[in-house]
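The file start_12.pdb comes next; it holds PDB, C-alpha atoms, pLDDT in the B column.
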```
ATOM      1  CA  MET A   1    -113.342 -81.040  76.342  1.00 53.00           C
ATOM      2  CA  ARG A   2    -117.085 -81.433  76.428  1.00 67.00           C
ATOM      3  CA  VAL A   3    -117.588 -77.643  76.141  1.00 65.00           C
ATOM      4  CA  LEU A   4    -116.009 -77.303  72.708  1.00 63.00           C
ATOM      5  CA  PRO A   5    -118.385 -79.730  70.916  1.00 68.00           C
ATOM      6  CA  ARG A   6    -121.369 -78.022  72.569  1.00 68.00           C
ATOM      7  CA  LEU A   7    -120.187 -74.561  71.466  1.00 62.00           C
ATOM      8  CA  LEU A   8    -119.615 -75.870  67.967  1.00 64.00           C
ATOM      9  CA  GLY A   9    -123.102 -77.436  67.973  1.00 68.00           C
ATOM     10  CA  PHE A  10    -124.751 -74.197  69.148  1.00 66.00           C
ATOM     11  CA  GLY A  11    -122.819 -72.228  66.527  1.00 69.00           C
ATOM     12  CA  LEU A  12    -123.952 -74.576  63.745  1.00 66.00           C
ATOM     13  CA  LEU A  13    -127.531 -74.516  65.043  1.00 67.00           C
ATOM     14  CA  GLY A  14    -127.481 -70.688  65.054  1.00 74.00           C
ATOM     15  CA  LEU A  15    -126.058 -70.633  61.525  1.00 67.00           C
ATOM     16  CA  LEU A  16    -128.746 -73.055  60.304  1.00 66.00           C
ATOM     17  CA  ALA A  17    -131.505 -70.961  61.937  1.00 70.00           C
ATOM     18  CA  SER A  18    -130.114 -67.782  60.327  1.00 72.00           C
ATOM     19  CA  LEU A  19    -130.043 -69.402  56.886  1.00 68.00           C
ATOM     20  CA  LEU A  20    -133.631 -70.621  57.269  1.00 67.00           C
ATOM     21  CA  MET A  21    -134.829 -67.157  58.255  1.00 70.00           C
ATOM     22  CA  LEU A  22    -132.923 -65.536  55.392  1.00 67.00           C
ATOM     23  CA  THR A  23    -134.354 -67.873  52.761  1.00 68.00           C
ATOM     24  CA  SER A  24    -137.905 -67.533  54.096  1.00 63.00           C
ATOM     25  CA  CYS A  25    -137.652 -63.715  53.973  1.00 56.00           C
ATOM     26  CA  GLU A  26    -136.333 -63.875  50.397  1.00 54.00           C
ATOM     27  CA  ALA A  27    -139.133 -66.251  49.381  1.00 51.00           C
ATOM     28  CA  THR A  28    -141.690 -63.805  50.819  1.00 52.00           C
ATOM     29  CA  ARG A  29    -140.150 -60.906  48.854  1.00 53.00           C
ATOM     30  CA  THR A  30    -140.144 -62.975  45.660  1.00 54.00           C
ATOM     31  CA  ARG A  31    -143.780 -63.935  46.221  1.00 54.00           C
ATOM     32  CA  GLU A  32    -144.709 -60.262  46.769  1.00 54.00           C
ATOM     33  CA  ARG A  33    -142.956 -59.209  43.560  1.00 59.00           C
ATOM     34  CA  SER A  34    -144.684 -61.880  41.496  1.00 64.00           C
ATOM     35  CA  ASP A  35    -148.159 -61.337  42.980  1.00 71.00           C
ATOM     36  CA  PRO A  36    -150.416 -60.315  40.038  1.00 75.00           C
ATOM     37  CA  THR A  37    -152.825 -58.469  42.331  1.00 77.00           C
ATOM     38  CA  ARG A  38    -150.061 -56.265  43.716  1.00 76.00           C
ATOM     39  CA  GLU A  39    -148.673 -55.686  40.222  1.00 73.00           C
ATOM     40  CA  ALA A  40    -152.116 -54.666  38.926  1.00 69.00           C
ATOM     41  CA  GLN A  41    -152.557 -52.306  41.888  1.00 70.00           C
ATOM     42  CA  ARG A  42    -149.115 -50.773  41.262  1.00 69.00           C
ATOM     43  CA  LEU A  43    -149.985 -50.171  37.587  1.00 64.00           C
ATOM     44  CA  THR A  44    -153.354 -48.666  38.556  1.00 66.00           C
ATOM     45  CA  ASP A  45    -151.645 -46.376  41.073  1.00 62.00           C
ATOM     46  CA  GLU A  46    -149.103 -45.265  38.450  1.00 60.00           C
ATOM     47  CA  ALA A  47    -151.874 -44.549  35.922  1.00 55.00           C
ATOM     48  CA  ALA A  48    -153.816 -42.553  38.530  1.00 56.00           C
ATOM     49  CA  ALA A  49    -150.698 -40.547  39.424  1.00 56.00           C
ATOM     50  CA  ARG A  50    -150.032 -39.832  35.739  1.00 56.00           C
ATOM     51  CA  ALA A  51    -153.646 -38.775  35.196  1.00 55.00           C
ATOM     52  CA  ALA A  52    -153.434 -36.468  38.216  1.00 59.00           C
ATOM     53  CA  ARG A  53    -150.377 -34.760  36.686  1.00 70.00           C
ATOM     54  CA  SER A  54    -152.029 -34.461  33.237  1.00 85.00           C
ATOM     55  CA  ARG A  55    -153.550 -31.246  31.954  1.00 87.00           C
ATOM     56  CA  GLN A  56    -156.392 -30.936  29.471  1.00 92.00           C
ATOM     57  CA  ILE A  57    -155.156 -28.803  26.609  1.00 92.00           C
ATOM     58  CA  ALA A  58    -157.984 -29.064  24.080  1.00 93.00           C
ATOM     59  CA  GLN A  59    -161.262 -30.754  23.225  1.00 93.00           C
ATOM     60  CA  VAL A  60    -161.848 -32.502  19.892  1.00 90.00           C
ATOM     61  CA  ASN A  61    -165.214 -31.700  18.364  1.00 81.00           C
ATOM     62  CA  GLU A  62    -166.965 -33.894  15.835  1.00 79.00           C
ATOM     63  CA  ALA A  63    -167.088 -31.015  13.394  1.00 75.00           C
ATOM     64  CA  GLY A  64    -164.338 -28.454  13.175  1.00 74.00           C
ATOM     65  CA  PRO A  65    -160.896 -28.036  14.682  1.00 85.00           C
ATOM     66  CA  PRO A  66    -160.054 -28.773  18.341  1.00 90.00           C
ATOM     67  CA  THR A  67    -160.924 -26.017  20.803  1.00 91.00           C
ATOM     68  CA  PHE A  68    -158.396 -24.879  23.390  1.00 92.00           C
ATOM     69  CA  LYS A  69    -159.241 -25.439  27.060  1.00 92.00           C
ATOM     70  CA  MET A  70    -156.286 -23.283  28.146  1.00 89.00           C
ATOM     71  CA  GLY A  71    -155.417 -19.795  26.988  1.00 91.00           C
ATOM     72  CA  GLN A  72    -152.941 -19.637  24.128  1.00 92.00           C
ATOM     73  CA  ALA A  73    -150.948 -16.957  25.978  1.00 93.00           C
ATOM     74  CA  VAL A  74    -150.555 -19.353  28.929  1.00 93.00           C
ATOM     75  CA  LEU A  75    -149.422 -22.107  26.556  1.00 94.00           C
ATOM     76  CA  ALA A  76    -146.970 -19.772  24.755  1.00 95.00           C
ATOM     77  CA  ALA A  77    -145.440 -18.760  28.098  1.00 94.00           C
ATOM     78  CA  ALA A  78    -145.158 -22.443  29.072  1.00 93.00           C
ATOM     79  CA  PHE A  79    -143.371 -23.223  25.778  1.00 94.00           C
ATOM     80  CA  ILE A  80    -140.958 -20.317  26.353  1.00 94.00           C
ATOM     81  CA  ARG A  81    -140.169 -21.750  29.815  1.00 93.00           C
ATOM     82  CA  GLN A  82    -139.775 -25.265  28.357  1.00 92.00           C
ATOM     83  CA  PHE A  83    -137.355 -24.109  25.644  1.00 93.00           C
ATOM     84  CA  GLY A  84    -135.420 -22.207  28.310  1.00 91.00           C
ATOM     85  CA  ASP A  85    -132.928 -20.749  25.844  1.00 93.00           C
ATOM     86  CA  GLY A  86    -134.406 -17.420  24.785  1.00 92.00           C
ATOM     87  CA  THR A  87    -136.790 -18.817  22.177  1.00 93.00           C
ATOM     88  CA  VAL A  88    -139.845 -16.572  21.839  1.00 95.00           C
ATOM     89  CA  VAL A  89    -142.982 -18.582  21.025  1.00 95.00           C
ATOM     90  CA  ASP A  90    -145.650 -16.535  19.291  1.00 93.00           C
ATOM     91  CA  LYS A  91    -147.959 -19.210  17.894  1.00 95.00           C
ATOM     92  CA  VAL A  92    -149.516 -22.281  19.516  1.00 96.00           C
ATOM     93  CA  LEU A  93    -151.469 -24.927  17.591  1.00 95.00           C
ATOM     94  CA  VAL A  94    -153.187 -28.255  18.199  1.00 94.00           C
ATOM     95  CA  ARG A  95    -152.983 -30.361  15.058  1.00 92.00           C
ATOM     96  CA  PRO A  96    -153.674 -33.993  14.186  1.00 91.00           C
ATOM     97  CA  SER A  97    -150.960 -36.055  12.583  1.00 90.00           C
ATOM     98  CA  PRO A  98    -151.371 -36.626   8.858  1.00 87.00           C
ATOM     99  CA  SER A  99    -151.902 -40.337   9.515  1.00 73.00           C
ATOM    100  CA  ALA A 100    -153.024 -42.959   7.040  1.00 62.00           C
ATOM    101  CA  PRO A 101    -156.834 -43.140   6.592  1.00 66.00           C
ATOM    102  CA  LYS A 102    -157.168 -46.373   8.608  1.00 67.00           C
ATOM    103  CA  GLU A 103    -155.044 -45.127  11.508  1.00 71.00           C
ATOM    104  CA  LYS A 104    -156.370 -42.981  14.314  1.00 79.00           C
ATOM    105  CA  ALA A 105    -154.653 -39.597  14.251  1.00 83.00           C
ATOM    106  CA  THR A 106    -152.463 -38.513  17.144  1.00 90.00           C
ATOM    107  CA  TYR A 107    -152.909 -34.888  18.138  1.00 93.00           C
ATOM    108  CA  TYR A 108    -149.887 -32.707  18.877  1.00 95.00           C
ATOM    109  CA  LEU A 109    -149.539 -29.472  20.823  1.00 96.00           C
ATOM    110  CA  ILE A 110    -147.119 -27.337  18.802  1.00 96.00           C
ATOM    111  CA  GLY A 111    -145.329 -24.136  19.773  1.00 96.00           C
ATOM    112  CA  LEU A 112    -143.736 -22.068  16.973  1.00 95.00           C
ATOM    113  CA  GLY A 113    -141.278 -19.213  17.387  1.00 95.00           C
ATOM    114  CA  LEU A 114    -137.816 -17.755  16.869  1.00 94.00           C
ATOM    115  CA  ARG A 115    -134.490 -17.664  18.692  1.00 93.00           C
ATOM    116  CA  ASP A 116    -131.878 -15.216  17.414  1.00 91.00           C
ATOM    117  CA  GLY A 117    -133.686 -15.124  14.057  1.00 89.00           C
ATOM    118  CA  HIS A 118    -133.717 -18.934  13.690  1.00 91.00           C
ATOM    119  CA  TYR A 119    -136.932 -20.890  13.334  1.00 93.00           C
ATOM    120  CA  ARG A 120    -137.849 -23.033  16.382  1.00 95.00           C
ATOM    121  CA  ALA A 121    -140.721 -25.446  16.956  1.00 95.00           C
ATOM    122  CA  MET A 122    -141.646 -27.954  19.632  1.00 96.00           C
ATOM    123  CA  ALA A 123    -144.336 -30.628  19.360  1.00 96.00           C
ATOM    124  CA  LEU A 124    -145.741 -32.673  22.249  1.00 95.00           C
ATOM    125  CA  PRO A 125    -148.112 -35.612  21.669  1.00 95.00           C
ATOM    126  CA  LEU A 126    -151.465 -35.341  23.416  1.00 94.00           C
ATOM    127  CA  ARG A 127    -153.305 -38.319  24.889  1.00 92.00           C
ATOM    128  CA  ASP A 128    -156.878 -38.739  23.659  1.00 89.00           C
ATOM    129  CA  THR A 129    -159.089 -39.915  26.528  1.00 87.00           C
ATOM    130  CA  GLY A 130    -161.714 -41.333  24.183  1.00 83.00           C
ATOM    131  CA  ASN A 131    -164.311 -38.681  25.006  1.00 88.00           C
ATOM    132  CA  GLY A 132    -162.569 -35.986  22.974  1.00 88.00           C
ATOM    133  CA  ALA A 133    -160.424 -34.523  25.759  1.00 92.00           C
ATOM    134  CA  LEU A 134    -156.782 -34.095  24.731  1.00 93.00           C
ATOM    135  CA  LEU A 135    -154.390 -34.325  27.696  1.00 93.00           C
ATOM    136  CA  LEU A 136    -150.718 -33.455  28.023  1.00 92.00           C
ATOM    137  CA  THR A 137    -148.849 -35.812  30.348  1.00 91.00           C
ATOM    138  CA  PRO A 138    -145.446 -35.037  31.904  1.00 90.00           C
ATOM    139  CA  ASP A 139    -143.997 -38.233  30.434  1.00 89.00           C
ATOM    140  CA  ALA A 140    -144.828 -37.153  26.862  1.00 91.00           C
ATOM    141  CA  GLU A 141    -141.686 -36.737  24.770  1.00 93.00           C
ATOM    142  CA  ARG A 142    -140.700 -33.455  23.115  1.00 94.00           C
ATOM    143  CA  TYR A 143    -139.900 -33.124  19.430  1.00 96.00           C
ATOM    144  CA  VAL A 144    -137.775 -30.009  18.815  1.00 96.00           C
ATOM    145  CA  LEU A 145    -136.848 -28.363  15.503  1.00 94.00           C
ATOM    146  CA  THR A 146    -134.200 -25.686  14.998  1.00 93.00           C
ATOM    147  CA  GLY A 147    -133.689 -24.042  11.631  1.00 92.00           C
ATOM    148  CA  SER A 148    -130.236 -23.108  10.416  1.00 89.00           C
ATOM    149  CA  GLY A 149    -130.799 -20.658   7.586  1.00 86.00           C
ATOM    150  CA  CYS A 150    -134.123 -22.365   6.913  1.00 87.00           C
ATOM    151  CA  PRO A 151    -137.098 -19.983   7.029  1.00 84.00           C
ATOM    152  CA  THR A 152    -139.557 -22.775   7.946  1.00 87.00           C
ATOM    153  CA  CYS A 153    -139.001 -26.311   9.193  1.00 90.00           C
ATOM    154  CA  PHE A 154    -141.575 -29.097   9.081  1.00 92.00           C
ATOM    155  CA  PHE A 155    -142.063 -32.256  11.108  1.00 93.00           C
ATOM    156  CA  ASP A 156    -141.901 -35.432   9.022  1.00 93.00           C
ATOM    157  CA  PHE A 157    -144.366 -38.185   9.908  1.00 92.00           C
ATOM    158  CA  GLU A 158    -144.599 -41.917   9.461  1.00 89.00           C
ATOM    159  CA  GLY A 159    -148.185 -42.827  10.195  1.00 86.00           C
ATOM    160  CA  SER A 160    -149.030 -40.845  13.324  1.00 88.00           C
ATOM    161  CA  ARG A 161    -145.461 -40.607  14.717  1.00 90.00           C
ATOM    162  CA  ILE A 162    -142.959 -37.805  14.162  1.00 93.00           C
ATOM    163  CA  ILE A 163    -139.765 -39.294  12.741  1.00 93.00           C
ATOM    164  CA  GLY A 164    -137.721 -36.313  11.538  1.00 93.00           C
ATOM    165  CA  SER A 165    -137.719 -32.888   9.956  1.00 92.00           C
ATOM    166  CA  SER A 166    -137.397 -31.172   6.619  1.00 91.00           C
ATOM    167  CA  CYS A 167    -136.595 -27.631   5.531  1.00 89.00           C
ATOM    168  CA  GLY A 168    -138.959 -25.556   3.410  1.00 83.00           C
ATOM    169  CA  ASP A 169    -135.979 -24.233   1.394  1.00 79.00           C
ATOM    170  CA  ASN A 170    -132.950 -26.549   1.137  1.00 72.00           C
ATOM    171  CA  SER A 171    -130.942 -24.226  -1.132  1.00 75.00           C
ATOM    172  CA  GLY A 172    -127.639 -22.794   0.047  1.00 77.00           C
ATOM    173  CA  GLY A 173    -127.026 -25.247   2.889  1.00 79.00           C
ATOM    174  CA  ASN A 174    -130.207 -24.461   4.790  1.00 86.00           C
ATOM    175  CA  SER A 175    -131.187 -27.209   7.212  1.00 88.00           C
ATOM    176  CA  CYS A 176    -133.302 -28.135  10.218  1.00 91.00           C
ATOM    177  CA  SER A 177    -131.973 -30.043  13.204  1.00 93.00           C
ATOM    178  CA  PHE A 178    -134.330 -32.454  14.946  1.00 94.00           C
ATOM    179  CA  GLN A 179    -134.218 -33.716  18.536  1.00 94.00           C
ATOM    180  CA  ILE A 180    -136.378 -36.085  20.550  1.00 95.00           C
ATOM    181  CA  LEU A 181    -136.210 -35.351  24.272  1.00 93.00           C
ATOM    182  CA  ASN A 182    -137.751 -37.452  27.044  1.00 90.00           C
ATOM    183  CA  GLU A 183    -140.487 -36.010  29.217  1.00 85.00           C
ATOM    184  CA  ASN A 184    -141.519 -32.400  29.549  1.00 88.00           C
ATOM    185  CA  ASN A 185    -142.227 -29.911  32.275  1.00 85.00           C
ATOM    186  CA  LEU A 186    -144.477 -27.593  30.327  1.00 83.00           C
ATOM    187  CA  PHE A 187    -146.593 -27.427  33.477  1.00 79.00           C
ATOM    188  CA  PRO A 188    -144.339 -28.256  36.445  1.00 69.00           C
ATOM    189  CA  LEU A 189    -145.848 -29.879  39.525  1.00 55.00           C
ATOM    190  CA  ARG A 190    -146.540 -27.501  42.370  1.00 49.00           C
TER     191      ARG A 190
END
```

What would the structure in this file look like if it were written as structure tokens?
Amino acid sequence: MRVLPRLLGFGLLGLLASLLMLTSCEATRTRERSDPTREAQRLTDEAAARAARSRQIAQVNEAGPPTFKMGQAVLAAAFIRQFGDGTVVDKVLVRPSPSAPKEKATYYLIGLGLRDGHYRAMALPLRDTGNGALLLTPDAERYVLTGSGCPTCFFDFEGSRIIGSSCGDNSGGNSCSFQILNENNLFPLR
């Protein structure tokens, strides 16, 4: 009869030791997650990775329009790949948003073309580095316009953000559809 209480005691002692180890491991994980130094390092690493995947598209000059740092033919081919539906892009622009005078303009890389005779356009916001370099990041959203009977569609802005579209000729049921898509792979990682 003395064996049973001892086995029960060892079992309880083992259970208690397991619980203590489990809670100490969980406390360590919680402490690691809430460590501001680790969080700052993680954010720095993410920013560095994003910068490494970014491509400089243009340079903003103090006087005059932005100058392309990549060939427009290369950009047109990248837009054709990004559309992926037979759209032929024949014009590529870098334009600032028509923002309010007090706001800093956001620059957009815009590809214009046609698919089966319908107007198509895609705009991607560019990140200004502060020294005039305009970068395209893979996490930049895509704004896509498709005309239905509309000869020319336009992006509508609120401040420096694209919020919709409008048709240059709304007569006879002409319209423009507008989509916002997450991320882009204009220049896929190799």

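The space between atom CA of Ala140 of chain A and atom CA of Asp116 of chain A spans 27.2 Å.
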
Hey, could you pull the box centre and edge lengths for segment 58-70 of chain A, axis-aligned, 5 Å padding per side, all listed atoms, to one decimal in Å, as lines of an AutoDock Vina configuration file?
```
center_x = -161.7
center_y = -28.6
center_z = 20.7
size_x = 20.8
size_y = 20.6
size_z = 25.0
```

* **Contact residues around segment 170-181 of chain A with all atoms listed in the file at 6 Å, ignoring same-chain residues under 4 positions, as a list in words** => Glu141, Arg142, Tyr143, Val144, Leu145, Thr146, Gly147, Ser148, Gly149 and Cys150 of chain A

* Would you list the residues near (-136.5, -16.4, 14.4) (no more than 9 Å away, in the coordinates of the file, using only C-alpha atoms) as a list in words? => Thr87, Val88, Gly113, Leu114, Arg115, Asp116, Gly117, His118, Tyr119, Arg120, Gly147 and Pro151 of chain A

* Shell of 12 Å around Pro98 of chain A, all atoms listed in the file, local chain residues under 4 positions omitted, as a ChimeraX atom specification -> /A:102-108,155-162

* To do: May I ask which of the residues A:Val89, A:Ile57, A:Leu75, A:Met21 is the closest one to Thr129 of chain A, counting all atoms listed in the file?
  =>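 Once distances to Thr129 of chain A are computed over all atoms listed in the file, the minimum belongs to A:Ile57.
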
* **Atom pair atom CA of Ala73 of chain A / atom CA of Asp90 of chain A: separation (Å)** => 8.5 Å

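You can rank A:Ile163, A:Cys153, A:Leu134, A:Val74 by their closest distance to Asn61 of chain A using all atoms listed in the file, and at the top of that list sits A:Leu134.
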
* Asked: Just how far from atom CA of Gly132 of chain A is atom CA of Thr67 of chain A, in Å to one decimal?
  ->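 Interatomic distance here is 10.3 Å.
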
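Each of A:Cys167, A:Leu186, A:Leu136, A:Ala17 was compared to Ser54 of chain A using all atoms listed in the file, and A:Leu136 turns out to be the nearest.
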
* **Non-local contacts of Gly111 of chain A (6 Å; all atoms listed in the file; under 5 positions in same chain excluded) as a PyMOL selection string** => chain A and resi 91-92+121-122

* Any chance you could resolve the PyMOL selection byres ((chain A and resi 60) around 10) against this file and give the residues as a list of chain:residue names? => A:Ala58, A:Gln59, A:Asn61, A:Glu62, A:Ala63, A:Gly64, A:Pro65, A:Pro66, A:Thr67, A:Phe68, A:Val94, A:Tyr107, A:Asp128, A:Gly130, A:Asn131, A:Gly132, A:Ala133, A:Leu134

Go ahead and save the picked residues with C-alpha atoms, as a PDB file, keeping the file's coordinate frame.
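To be explicit, this is the file written out as out29.pdb:
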```pdb
ATOM      1  CA  ALA A  58    -157.984 -29.064  24.080  1.00 93.00           C
ATOM      2  CA  GLN A  59    -161.262 -30.754  23.225  1.00 93.00           C
ATOM      3  CA  ASN A  61    -165.214 -31.700  18.364  1.00 81.00           C
ATOM      4  CA  GLU A  62    -166.965 -33.894  15.835  1.00 79.00           C
ATOM      5  CA  ALA A  63    -167.088 -31.015  13.394  1.00 75.00           C
ATOM      6  CA  GLY A  64    -164.338 -28.454  13.175  1.00 74.00           C
ATOM      7  CA  PRO A  65    -160.896 -28.036  14.682  1.00 85.00           C
ATOM      8  CA  PRO A  66    -160.054 -28.773  18.341  1.00 90.00           C
ATOM      9  CA  THR A  67    -160.924 -26.017  20.803  1.00 91.00           C
ATOM     10  CA  PHE A  68    -158.396 -24.879  23.390  1.00 92.00           C
ATOM     11  CA  VAL A  94    -153.187 -28.255  18.199  1.00 94.00           C
ATOM     12  CA  TYR A 107    -152.909 -34.888  18.138  1.00 93.00           C
ATOM     13  CA  ASP A 128    -156.878 -38.739  23.659  1.00 89.00           C
ATOM     14  CA  GLY A 130    -161.714 -41.333  24.183  1.00 83.00           C
ATOM     15  CA  ASN A 131    -164.311 -38.681  25.006  1.00 88.00           C
ATOM     16  CA  GLY A 132    -162.569 -35.986  22.974  1.00 88.00           C
ATOM     17  CA  ALA A 133    -160.424 -34.523  25.759  1.00 92.00           C
ATOM     18  CA  LEU A 134    -156.782 -34.095  24.731  1.00 93.00           C
TER      19      LEU A 134
END
```
